[in-house]
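Q: What follows is run-v1.txt, made up of compact mmCIF, C-alpha atoms and all ligand atoms:
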# COMPACT_ATOMS: atom_id res chain seq x y z
CA MET A 1426 3.08 -28.87 -19.45
CA ILE A 1427 3.04 -25.39 -20.92
CA ILE A 1428 5.55 -23.51 -23.10
CA LEU A 1429 7.23 -20.32 -21.82
CA ALA A 1430 8.05 -18.19 -24.87
CA SER A 1431 10.99 -16.53 -23.17
CA GLN A 1432 14.71 -16.58 -22.55
CA SER A 1433 14.31 -14.56 -19.37
CA ALA A 1434 16.14 -16.10 -16.42
CA SER A 1435 13.78 -14.26 -14.08
CA ARG A 1436 10.63 -15.63 -15.69
CA ARG A 1437 12.04 -19.14 -15.70
CA ALA A 1438 12.96 -18.79 -12.03
CA MET A 1439 9.42 -17.66 -11.21
CA LEU A 1440 7.82 -20.68 -12.89
CA ASP A 1441 10.42 -23.03 -11.37
CA ALA A 1442 9.69 -21.66 -7.87
CA ALA A 1443 5.93 -21.97 -8.48
CA GLY A 1444 6.31 -25.60 -9.54
CA VAL A 1445 4.95 -25.03 -13.06
CA ALA A 1446 5.97 -27.72 -15.57
CA TYR A 1447 7.12 -25.89 -18.68
CA GLU A 1448 9.49 -25.90 -21.63
CA ALA A 1449 11.26 -22.59 -22.39
CA VAL A 1450 11.36 -21.64 -26.08
CA PRO A 1451 12.86 -18.24 -27.07
CA ALA A 1452 10.33 -16.16 -29.02
CA ARG A 1453 12.95 -14.13 -30.92
CA VAL A 1454 10.54 -11.25 -31.59
CA ASP A 1455 12.07 -8.06 -33.01
CA GLU A 1456 11.25 -6.01 -29.90
CA ALA A 1457 13.13 -2.93 -31.12
CA GLY A 1458 11.19 -2.99 -34.38
CA VAL A 1459 7.86 -3.33 -32.60
CA LYS A 1460 8.74 -0.50 -30.19
CA ALA A 1461 9.67 1.72 -33.16
CA ALA A 1462 6.44 0.83 -34.97
CA MET A 1463 4.43 1.52 -31.80
CA ALA A 1464 6.22 4.78 -30.89
CA GLY A 1465 3.89 6.82 -28.67
CA ALA A 1466 1.94 3.79 -27.47
CA SER A 1467 1.30 3.53 -23.73
CA PRO A 1468 3.55 1.16 -21.74
CA ARG A 1469 0.42 -0.89 -21.02
CA ASP A 1470 -0.39 -1.33 -24.71
CA LEU A 1471 3.24 -1.86 -25.72
CA SER A 1472 3.97 -4.52 -23.10
CA ASP A 1473 0.68 -6.26 -23.93
CA ALA A 1474 1.44 -6.22 -27.67
CA LEU A 1475 4.95 -7.60 -27.15
CA ALA A 1476 3.74 -10.32 -24.80
CA GLU A 1477 1.11 -11.31 -27.37
CA MET A 1478 3.68 -11.38 -30.21
CA LYS A 1479 5.97 -13.67 -28.22
CA ALA A 1480 3.14 -16.04 -27.23
CA VAL A 1481 1.48 -16.14 -30.67
CA LYS A 1482 4.74 -16.61 -32.59
CA VAL A 1483 5.75 -19.68 -30.55
CA SER A 1484 2.16 -20.93 -30.33
CA ALA A 1485 1.84 -21.04 -34.12
CA ASN A 1486 3.96 -24.20 -34.06
CA ALA A 1487 2.84 -25.60 -30.70
CA GLY A 1488 -0.59 -27.06 -31.53
CA PRO A 1489 -2.88 -27.20 -28.46
CA VAL A 1490 -0.05 -26.63 -25.96
CA PRO A 1491 -0.61 -23.33 -24.07
CA VAL A 1492 2.17 -20.80 -24.70
CA LEU A 1493 2.91 -18.03 -22.18
CA GLY A 1494 4.56 -14.85 -23.43
CA SER A 1495 5.50 -11.92 -21.23
CA ASP A 1496 7.04 -8.46 -21.44
CA SER A 1497 8.12 -5.77 -18.99
CA ILE A 1498 8.60 -2.07 -19.64
CA VAL A 1499 9.87 0.74 -17.42
CA ALA A 1500 8.19 4.13 -17.89
CA LEU A 1501 9.74 7.21 -16.30
CA ALA A 1502 7.50 9.98 -14.96
CA ASP A 1503 8.16 12.06 -18.11
CA GLY A 1504 6.89 9.20 -20.31
CA THR A 1505 10.31 7.98 -21.42
CA LEU A 1506 10.37 4.19 -21.83
CA LEU A 1507 13.61 2.46 -20.83
CA ASP A 1508 14.94 -0.71 -22.43
CA LYS A 1509 17.43 -3.10 -20.89
CA PRO A 1510 20.83 -1.31 -20.61
CA GLU A 1511 23.30 -2.21 -23.36
CA SER A 1512 26.39 -1.05 -21.47
CA ARG A 1513 27.53 -0.18 -17.96
CA GLU A 1514 27.54 3.47 -19.05
CA GLU A 1515 23.94 3.25 -20.20
CA ALA A 1516 22.98 1.55 -16.92
CA ALA A 1517 24.61 4.44 -15.01
CA GLU A 1518 22.67 6.89 -17.16
CA HIS A 1519 19.38 5.08 -16.53
CA LEU A 1520 20.02 5.02 -12.78
CA ALA A 1521 20.86 8.74 -12.75
CA ARG A 1522 17.60 9.45 -14.59
CA MET A 1523 15.62 7.32 -12.13
CA SER A 1524 17.34 8.82 -9.08
CA GLY A 1525 15.07 10.70 -6.68
CA GLY A 1526 11.93 10.04 -8.68
CA SER A 1527 9.27 7.41 -9.23
CA HIS A 1528 8.77 5.22 -12.26
CA GLU A 1529 6.33 2.54 -13.35
CA LEU A 1530 7.17 -1.02 -14.26
CA TRP A 1531 4.52 -2.64 -16.45
CA SER A 1532 4.48 -6.42 -16.90
CA ALA A 1533 2.14 -8.10 -19.36
CA ALA A 1534 1.39 -11.78 -19.87
CA VAL A 1535 -0.50 -13.40 -22.75
CA ILE A 1536 -1.37 -17.08 -23.17
CA ALA A 1537 -1.92 -18.33 -26.70
CA GLU A 1538 -3.15 -21.64 -28.12
CA HIS A 1539 -3.08 -22.72 -31.77
CA GLY A 1540 -1.50 -19.37 -32.63
CA ARG A 1541 -4.28 -17.28 -31.06
CA PRO A 1542 -4.38 -15.35 -27.73
CA VAL A 1543 -6.82 -16.92 -25.23
CA TRP A 1544 -5.93 -14.95 -22.06
CA ARG A 1545 -4.09 -11.75 -21.17
CA HIS A 1546 -3.32 -9.53 -18.20
CA VAL A 1547 -1.17 -6.47 -17.59
CA GLU A 1548 -0.06 -5.24 -14.14
CA ARG A 1549 1.73 -2.12 -12.99
CA ALA A 1550 4.10 -1.54 -10.11
CA LYS A 1551 5.26 1.90 -9.00
CA LEU A 1552 8.79 2.24 -7.66
CA HIS A 1553 10.14 5.23 -5.74
CA VAL A 1554 13.88 5.62 -6.15
CA ARG A 1555 15.78 7.40 -3.41
CA PRO A 1556 18.38 10.01 -4.43
CA LEU A 1557 21.38 8.08 -5.75
CA SER A 1558 24.84 9.67 -5.55
CA PRO A 1559 27.24 9.11 -8.45
CA ALA A 1560 29.53 7.31 -5.99
CA PHE A 1561 26.70 4.95 -4.99
CA ILE A 1562 25.78 4.27 -8.62
CA ASP A 1563 29.40 3.45 -9.35
CA SER A 1564 29.80 1.06 -6.43
CA TYR A 1565 26.38 -0.50 -7.15
CA LEU A 1566 27.42 -1.18 -10.75
CA ASP A 1567 30.74 -2.63 -9.55
CA GLN A 1568 28.55 -5.22 -7.78
CA GLU A 1569 25.71 -5.64 -10.27
CA TRP A 1570 27.13 -5.16 -13.77
CA PRO A 1571 26.82 -7.18 -15.97
CA ALA A 1572 24.25 -9.21 -13.98
CA ILE A 1573 21.63 -6.47 -14.49
CA SER A 1574 22.26 -6.21 -18.26
CA GLY A 1575 19.22 -8.48 -18.66
CA CYS A 1576 17.03 -6.37 -16.40
CA VAL A 1577 14.86 -3.51 -17.54
CA GLY A 1578 15.27 -0.78 -14.90
CA CYS A 1579 18.86 -1.85 -14.11
CA PHE A 1580 18.08 -3.74 -10.91
CA ARG A 1581 17.43 -7.14 -9.43
CA ILE A 1582 14.88 -6.39 -6.73
CA GLU A 1583 15.62 -9.75 -5.09
CA GLY A 1584 19.28 -8.70 -4.82
CA PRO A 1585 21.17 -5.46 -4.17
CA GLY A 1586 18.64 -3.63 -6.36
CA VAL A 1587 16.46 -3.33 -3.28
CA GLN A 1588 18.90 -0.66 -2.05
CA LEU A 1589 17.67 1.73 -4.74
CA PHE A 1590 14.16 2.18 -3.38
CA SER A 1591 12.46 4.15 -0.63
CA ARG A 1592 9.03 2.66 -1.45
CA ILE A 1593 7.47 0.15 -3.79
CA GLU A 1594 3.76 -0.13 -4.69
CA GLY A 1595 2.46 -3.25 -6.40
CA SER A 1596 3.31 -6.92 -6.68
CA HIS A 1597 6.84 -8.20 -6.31
CA PHE A 1598 6.11 -10.61 -9.17
CA THR A 1599 5.16 -7.79 -11.51
CA ILE A 1600 8.63 -6.35 -10.91
CA LEU A 1601 10.31 -9.73 -11.44
CA GLY A 1602 8.68 -9.95 -14.86
CA MET A 1603 5.09 -11.19 -14.98
CA PRO A 1604 1.71 -11.07 -13.14
CA LEU A 1605 2.43 -14.52 -11.76
CA LEU A 1606 -0.57 -14.89 -9.39
CA LEU A 1607 -3.04 -14.29 -12.21
CA VAL A 1608 -1.09 -16.57 -14.58
CA LEU A 1609 -1.26 -19.37 -11.98
CA GLY A 1610 -4.98 -18.74 -11.49
CA TYR A 1611 -5.66 -19.21 -15.19
CA LEU A 1612 -3.47 -22.33 -15.41
CA ARG A 1613 -5.53 -23.84 -12.54
CA GLU A 1614 -8.81 -22.73 -14.17
CA ARG A 1615 -7.84 -24.57 -17.36
CA GLY A 1616 -6.67 -27.66 -15.47
CA TRP A 1617 -3.03 -27.23 -16.46
CA MET A 1618 -2.12 -27.05 -12.78
CA SER A 1619 -3.80 -28.78 -9.84
CA ALA A 1620 -6.39 -26.48 -8.25
N1 LIG A 1701 15.86 -11.05 -11.76
C1 LIG A 1701 15.21 -9.90 -12.06
N2 LIG A 1701 14.91 -9.61 -13.36
C2 LIG A 1701 14.25 -8.43 -13.59
C3 LIG A 1701 13.91 -7.52 -12.58
N3 LIG A 1701 13.26 -6.45 -13.16
C4 LIG A 1701 13.23 -6.70 -14.50
N4 LIG A 1701 13.81 -7.90 -14.75
C5 LIG A 1701 13.99 -8.58 -16.03
C6 LIG A 1701 12.87 -9.54 -16.36
C7 LIG A 1701 13.00 -9.67 -17.85
O1 LIG A 1701 13.90 -10.71 -18.17
C8 LIG A 1701 13.59 -8.31 -18.27
C9 LIG A 1701 12.54 -7.49 -18.99
O2 LIG A 1701 12.82 -7.51 -20.35
P1 LIG A 1701 11.82 -8.22 -21.41
O3 LIG A 1701 10.42 -8.16 -20.93
O4 LIG A 1701 12.16 -7.65 -22.73
O5 LIG A 1701 12.23 -9.76 -21.35
P2 LIG A 1701 13.56 -10.46 -21.86
O6 LIG A 1701 14.03 -9.86 -23.13
O7 LIG A 1701 14.52 -10.51 -20.72
O8 LIG A 1701 13.08 -11.96 -22.09
P3 LIG A 1701 11.92 -12.48 -23.11
O9 LIG A 1701 11.55 -11.34 -24.00
O10 LIG A 1701 10.79 -12.94 -22.22
O11 LIG A 1701 12.60 -13.61 -23.83
O12 LIG A 1701 13.96 -7.62 -17.08
C10 LIG A 1701 14.25 -7.86 -11.22
O13 LIG A 1701 14.01 -7.11 -10.27
N5 LIG A 1701 14.89 -9.04 -11.01
Rewrite the coordinates I just gave you, this time as structure tokens.
Ligand SMILES: Nc1nc2c(ncn2[C@H]2C[C@H](O)[C@@H](COP(=O)(O)OP(=O)(O)OP(=O)(O)O)O2)c(=O)[nH]1
A:
Amino acid sequence: MIILASQSASRRAMLDAAGVAYEAVPARVDEAGVKAAMAGASPRDLSDALAEMKAVKVSANAGPVPVLGSDSIVALADGTLLDKPESREEAAEHLARMSGGSHELWSAAVIAEHGRPVWRHVERAKLHVRPLSPAFIDSYLDQEWPAISGCVGCFRIEGPGVQLFSRIEGSHFTILGMPLLLVLGYLRERGWMSA
């Protein structure tokens, strides 16, 4: 049994589908505060730092039980980092900014034990958004708001979000929220899952 330091429905669904025995414990890290303190940091470093903070915070009270923390960040081509949309209007704005261009989605995972990180990995996916008309964005949000309010990038790739893209490079799991294949590899290596 491991602990998932997350309240992400997507991350829970990934571990459920993979057959990982876990308990979900929200990390309640001040992500906005960390992002402000790390202004200018690369999306790789920022997602890694946030994943570590989530894992270490929950691990501090978890004894030897491995704690998995994760974080995903969207970086536009101009370097702008997008958070999860707080309103339908903000989601429409994010989609308009992503329209016709490519962006990166970085997902980091850190495993901590006894309050200290013991394993980490960050992966990047690159997503090419086709030109999105205002009418499409509006009808898409009629379907997908507020379901996508918990999704950085304003899409559920496993749902209608797939309509946004002309091409995707990288792992599907990275987009869903964590480098799952490498996480499973480490869990097997440590004997927390059958090899
Ligand atoms: N179902 C789904 N979720 C997605 C997709 N792309 C991104 N997400 C979600 C996964 C994460 O829950 C969220 C990324 O935000 P964060 O990394 O800050 O995690 P969140 O605050 O949701 O949960 P946590 O910090 O782990 O408690 O976006 C997708 O294509 N499908």
Q: Distance table requested - chain A against ligand LIG 1701 (chain A), cut-off 9 Å, only C-alpha atoms and all ligand atoms: one row per qualifying residue with the closest atom pair and its distance in Å to one decimal, ordered by chain and rising residue number, as JSON lines.
A:
{"residue": "A:Leu1429", "atom": "CA", "partner": "A:LIG1701", "partner_atom": "O10", "distance": 8.2}
{"residue": "A:Ala1430", "atom": "CA", "partner": "A:LIG1701", "partner_atom": "O10", "distance": 6.5}
{"residue": "A:Ser1431", "atom": "CA", "partner": "A:LIG1701", "partner_atom": "O11", "distance": 3.4}
{"residue": "A:Gln1432", "atom": "CA", "partner": "A:LIG1701", "partner_atom": "O11", "distance": 3.9}
{"residue": "A:Ser1433", "atom": "CA", "partner": "A:LIG1701", "partner_atom": "O8", "distance": 4.0}
{"residue": "A:Ala1434", "atom": "CA", "partner": "A:LIG1701", "partner_atom": "O1", "distance": 6.1}
{"residue": "A:Ser1435", "atom": "CA", "partner": "A:LIG1701", "partner_atom": "N1", "distance": 4.5}
{"residue": "A:Arg1436", "atom": "CA", "partner": "A:LIG1701", "partner_atom": "O1", "distance": 6.4}
{"residue": "A:Arg1437", "atom": "CA", "partner": "A:LIG1701", "partner_atom": "O1", "distance": 9.0}
{"residue": "A:Ala1438", "atom": "CA", "partner": "A:LIG1701", "partner_atom": "N1", "distance": 8.3}
{"residue": "A:Val1450", "atom": "CA", "partner": "A:LIG1701", "partner_atom": "O11", "distance": 8.4}
{"residue": "A:Pro1451", "atom": "CA", "partner": "A:LIG1701", "partner_atom": "O11", "distance": 5.7}
{"residue": "A:Ala1452", "atom": "CA", "partner": "A:LIG1701", "partner_atom": "O11", "distance": 6.2}
{"residue": "A:Arg1453", "atom": "CA", "partner": "A:LIG1701", "partner_atom": "O11", "distance": 7.1}
{"residue": "A:Val1454", "atom": "CA", "partner": "A:LIG1701", "partner_atom": "O9", "distance": 7.7}
{"residue": "A:Glu1456", "atom": "CA", "partner": "A:LIG1701", "partner_atom": "O4", "distance": 7.4}
{"residue": "A:Ser1472", "atom": "CA", "partner": "A:LIG1701", "partner_atom": "O3", "distance": 7.7}
{"residue": "A:Leu1475", "atom": "CA", "partner": "A:LIG1701", "partner_atom": "O9", "distance": 8.2}
{"residue": "A:Ala1476", "atom": "CA", "partner": "A:LIG1701", "partner_atom": "O9", "distance": 7.9}
{"residue": "A:Lys1479", "atom": "CA", "partner": "A:LIG1701", "partner_atom": "O9", "distance": 7.4}
{"residue": "A:Gly1494", "atom": "CA", "partner": "A:LIG1701", "partner_atom": "O10", "distance": 6.6}
{"residue": "A:Ser1495", "atom": "CA", "partner": "A:LIG1701", "partner_atom": "O10", "distance": 5.5}
{"residue": "A:Asp1496", "atom": "CA", "partner": "A:LIG1701", "partner_atom": "O3", "distance": 3.4}
{"residue": "A:Ser1497", "atom": "CA", "partner": "A:LIG1701", "partner_atom": "O3", "distance": 3.8}
{"residue": "A:Ile1498", "atom": "CA", "partner": "A:LIG1701", "partner_atom": "O3", "distance": 6.5}
{"residue": "A:Val1499", "atom": "CA", "partner": "A:LIG1701", "partner_atom": "C4", "distance": 8.7}
{"residue": "A:Asp1508", "atom": "CA", "partner": "A:LIG1701", "partner_atom": "O2", "distance": 7.4}
{"residue": "A:Lys1509", "atom": "CA", "partner": "A:LIG1701", "partner_atom": "O2", "distance": 6.4}
{"residue": "A:Leu1530", "atom": "CA", "partner": "A:LIG1701", "partner_atom": "N3", "distance": 8.2}
{"residue": "A:Ser1532", "atom": "CA", "partner": "A:LIG1701", "partner_atom": "O3", "distance": 7.4}
{"residue": "A:Ala1533", "atom": "CA", "partner": "A:LIG1701", "partner_atom": "O3", "distance": 8.4}
{"residue": "A:Ala1572", "atom": "CA", "partner": "A:LIG1701", "partner_atom": "N1", "distance": 8.9}
{"residue": "A:Ile1573", "atom": "CA", "partner": "A:LIG1701", "partner_atom": "N2", "distance": 7.5}
{"residue": "A:Ser1574", "atom": "CA", "partner": "A:LIG1701", "partner_atom": "O12", "distance": 8.5}
{"residue": "A:Gly1575", "atom": "CA", "partner": "A:LIG1701", "partner_atom": "O7", "distance": 5.5}
{"residue": "A:Cys1576", "atom": "CA", "partner": "A:LIG1701", "partner_atom": "O12", "distance": 3.4}
{"residue": "A:Val1577", "atom": "CA", "partner": "A:LIG1701", "partner_atom": "O12", "distance": 4.2}
{"residue": "A:Gly1578", "atom": "CA", "partner": "A:LIG1701", "partner_atom": "N3", "distance": 6.3}
{"residue": "A:Cys1579", "atom": "CA", "partner": "A:LIG1701", "partner_atom": "N3", "distance": 7.3}
{"residue": "A:Phe1580", "atom": "CA", "partner": "A:LIG1701", "partner_atom": "O13", "distance": 5.3}
{"residue": "A:Arg1581", "atom": "CA", "partner": "A:LIG1701", "partner_atom": "O13", "distance": 3.5}
{"residue": "A:Ile1582", "atom": "CA", "partner": "A:LIG1701", "partner_atom": "O13", "distance": 3.7}
{"residue": "A:Glu1583", "atom": "CA", "partner": "A:LIG1701", "partner_atom": "N5", "distance": 6.0}
{"residue": "A:Gly1584", "atom": "CA", "partner": "A:LIG1701", "partner_atom": "N5", "distance": 7.6}
{"residue": "A:Gly1586", "atom": "CA", "partner": "A:LIG1701", "partner_atom": "O13", "distance": 7.0}
{"residue": "A:Val1587", "atom": "CA", "partner": "A:LIG1701", "partner_atom": "O13", "distance": 8.3}
{"residue": "A:His1597", "atom": "CA", "partner": "A:LIG1701", "partner_atom": "O13", "distance": 8.3}
{"residue": "A:Phe1598", "atom": "CA", "partner": "A:LIG1701", "partner_atom": "O13", "distance": 8.7}
{"residue": "A:Thr1599", "atom": "CA", "partner": "A:LIG1701", "partner_atom": "N3", "distance": 8.4}
{"residue": "A:Ile1600", "atom": "CA", "partner": "A:LIG1701", "partner_atom": "N3", "distance": 5.1}
{"residue": "A:Leu1601", "atom": "CA", "partner": "A:LIG1701", "partner_atom": "C10", "distance": 4.4}
{"residue": "A:Gly1602", "atom": "CA", "partner": "A:LIG1701", "partner_atom": "C6", "distance": 4.5}
{"residue": "A:Met1603", "atom": "CA", "partner": "A:LIG1701", "partner_atom": "C6", "distance": 8.1}
Q: Taking 4 positions as the minimum chain separation for residues in the same chain, which residues sit within 7 Å of Arg1469 of chain A when counting all atoms listed in the file? Answer as a ChimeraX atom specification.
A: /A:1473,1531,1547
Q: Print the selection's residues with C-alpha atoms to a file, as a PDB file, keeping the file's coordinate frame.
A:
ATOM      1  CA  ASP A1473       0.680  -6.260 -23.930  1.00  0.00           C
ATOM      2  CA  TRP A1531       4.520  -2.640 -16.450  1.00  0.00           C
ATOM      3  CA  VAL A1547      -1.170  -6.470 -17.590  1.00  0.00           C
TER       4      VAL A1547
END
Q: Grab the atom CA of Pro1491 of chain A to atom CA of Pro1542 of chain A distance for me, in Å with one decimal place.
A: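 Here the two named atoms are 9.6 Å from each other.
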Q: Find the spatial neighbours of segment 1513-1523 of chain A, counting all atoms listed in the file, within a cut-off of 7 Å - ignore same-chain residues fewer than 5 positions away - and output them as a PyMOL selection string.
A: chain A and resi 1554+1562+1570+1579
Q: Now that the selection is made, can you save its residues with C-alpha atoms as a tab-separated table (two decimals), keeping the file's coordinate frame?
A:
chain	number	residue	atom	x	y	z
A	1554	VAL	CA	13.88	5.62	-6.15
A	1562	ILE	CA	25.78	4.27	-8.62
A	1570	TRP	CA	27.13	-5.16	-13.77
A	1579	CYS	CA	18.86	-1.85	-14.11
Q: With all atoms listed in the file as the basis for distance, which of A:Ala1449, A:Met1426, A:Leu1506, A:Ala1461 is at the shortest distance from Trp1617 of chain A?
A: A:Met1426
Q: Report, in Å to a single decimal, how far apart atom CA of Arg1555 of chain A and atom CA of Gly1525 of chain A are.
A: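 Separation between atom CA of Gly1525 of chain A and atom CA of Arg1555 of chain A: 4.7 Å.
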Q: So which one's closest to Lys1551 of chain A, A:Gln1568, A:Gly1595, A:Pro1585, A:Ile1536? Using only C-alpha atoms, please.
A: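 The closest residue to Lys1551 of chain A is A:Gly1595.
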Q: Quote the spacing between atom CA of Gln1588 of chain A and atom CA of Asp1567 of chain A in Å to one decimal place.
A: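 So the two atoms, atom CA of Gln1588 of chain A and atom CA of Asp1567 of chain A, lie 14.2 Å apart.
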Q: I'd like to know which of A:Phe1561, A:Val1445, A:Ala1474, A:Lys1460 is closest to Arg1613 of chain A, using all atoms listed in the file.
A: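 Closest residue, counting all atoms listed in the file: A:Val1445.
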Q: Mind dumping segment 1573-1592 of chain A from that block, keeping N, CA, C and O atoms, as a CSV table (one decimal), in the first residue's frame?
A:
chain,number,residue,atom,x,y,z
A,1573,ILE,N,-13.8,20.5,-16.7
A,1573,ILE,CA,-12.4,20.7,-17.0
A,1573,ILE,C,-11.8,21.8,-16.0
A,1573,ILE,O,-10.6,22.1,-16.1
A,1574,SER,N,-12.6,22.2,-15.0
A,1574,SER,CA,-12.1,23.2,-14.1
A,1574,SER,C,-10.9,22.6,-13.2
A,1574,SER,O,-10.1,23.4,-12.7
A,1575,GLY,N,-10.9,21.3,-13.2
A,1575,GLY,CA,-9.8,20.6,-12.4
A,1575,GLY,C,-8.6,20.2,-13.3
A,1575,GLY,O,-7.7,19.5,-12.9
A,1576,CYS,N,-8.6,20.7,-14.6
A,1576,CYS,CA,-7.6,20.3,-15.5
A,1576,CYS,C,-6.8,21.4,-16.0
A,1576,CYS,O,-7.3,22.3,-16.7
A,1577,VAL,N,-5.5,21.3,-15.8
A,1577,VAL,CA,-4.6,22.3,-16.3
A,1577,VAL,C,-4.6,22.1,-17.8
A,1577,VAL,O,-4.5,21.0,-18.3
A,1578,GLY,N,-4.7,23.2,-18.6
A,1578,GLY,CA,-4.8,23.1,-20.1
A,1578,GLY,C,-6.2,23.1,-20.6
A,1578,GLY,O,-6.4,23.1,-21.8
A,1579,CYS,N,-7.2,23.0,-19.7
A,1579,CYS,CA,-8.6,23.1,-20.0
A,1579,CYS,C,-9.1,21.9,-20.9
A,1579,CYS,O,-9.9,22.2,-21.8
A,1580,PHE,N,-8.5,20.7,-20.7
A,1580,PHE,CA,-9.1,19.6,-21.5
A,1580,PHE,C,-8.9,18.3,-20.7
A,1580,PHE,O,-8.1,18.2,-19.8
A,1581,ARG,N,-9.8,17.4,-21.1
A,1581,ARG,CA,-9.7,16.0,-20.7
A,1581,ARG,C,-9.4,15.2,-22.0
A,1581,ARG,O,-10.3,15.0,-22.8
A,1582,ILE,N,-8.1,14.8,-22.1
A,1582,ILE,CA,-7.7,14.2,-23.4
A,1582,ILE,C,-8.4,12.9,-23.6
A,1582,ILE,O,-8.6,12.5,-24.8
A,1583,GLU,N,-8.9,12.3,-22.6
A,1583,GLU,CA,-9.6,11.0,-22.7
A,1583,GLU,C,-11.1,11.2,-23.1
A,1583,GLU,O,-11.9,10.3,-23.2
A,1584,GLY,N,-11.4,12.5,-23.2
A,1584,GLY,CA,-12.8,12.9,-23.5
A,1584,GLY,C,-12.8,13.8,-24.7
A,1584,GLY,O,-11.9,13.8,-25.5
A,1585,PRO,N,-13.8,14.8,-24.7
A,1585,PRO,CA,-13.9,15.7,-25.9
A,1585,PRO,C,-12.6,16.5,-26.1
A,1585,PRO,O,-12.4,17.1,-27.2
A,1586,GLY,N,-11.7,16.6,-25.1
A,1586,GLY,CA,-10.5,17.4,-25.3
A,1586,GLY,C,-9.7,16.9,-26.4
A,1586,GLY,O,-8.9,17.7,-27.0
A,1587,VAL,N,-9.8,15.7,-26.8
A,1587,VAL,CA,-9.0,15.2,-27.9
A,1587,VAL,C,-9.3,16.0,-29.2
A,1587,VAL,O,-8.5,16.1,-30.1
A,1588,GLN,N,-10.5,16.6,-29.3
A,1588,GLN,CA,-10.9,17.4,-30.5
A,1588,GLN,C,-10.0,18.6,-30.7
A,1588,GLN,O,-10.0,19.2,-31.8
A,1589,LEU,N,-9.3,19.0,-29.6
A,1589,LEU,CA,-8.5,20.2,-29.7
A,1589,LEU,C,-7.2,20.1,-30.5
A,1589,LEU,O,-6.6,21.1,-31.0
A,1590,PHE,N,-6.7,18.8,-30.7
A,1590,PHE,CA,-5.4,18.6,-31.1
A,1590,PHE,C,-5.2,18.1,-32.6
A,1590,PHE,O,-6.0,17.3,-33.0
A,1591,SER,N,-4.2,18.6,-33.2
A,1591,SER,CA,-3.8,18.0,-34.5
A,1591,SER,C,-2.7,17.0,-34.4
A,1591,SER,O,-2.6,16.1,-35.2
A,1592,ARG,N,-1.9,17.1,-33.3
A,1592,ARG,CA,-0.8,16.2,-33.0
A,1592,ARG,C,-0.4,16.2,-31.6
A,1592,ARG,O,-0.5,17.3,-31.0
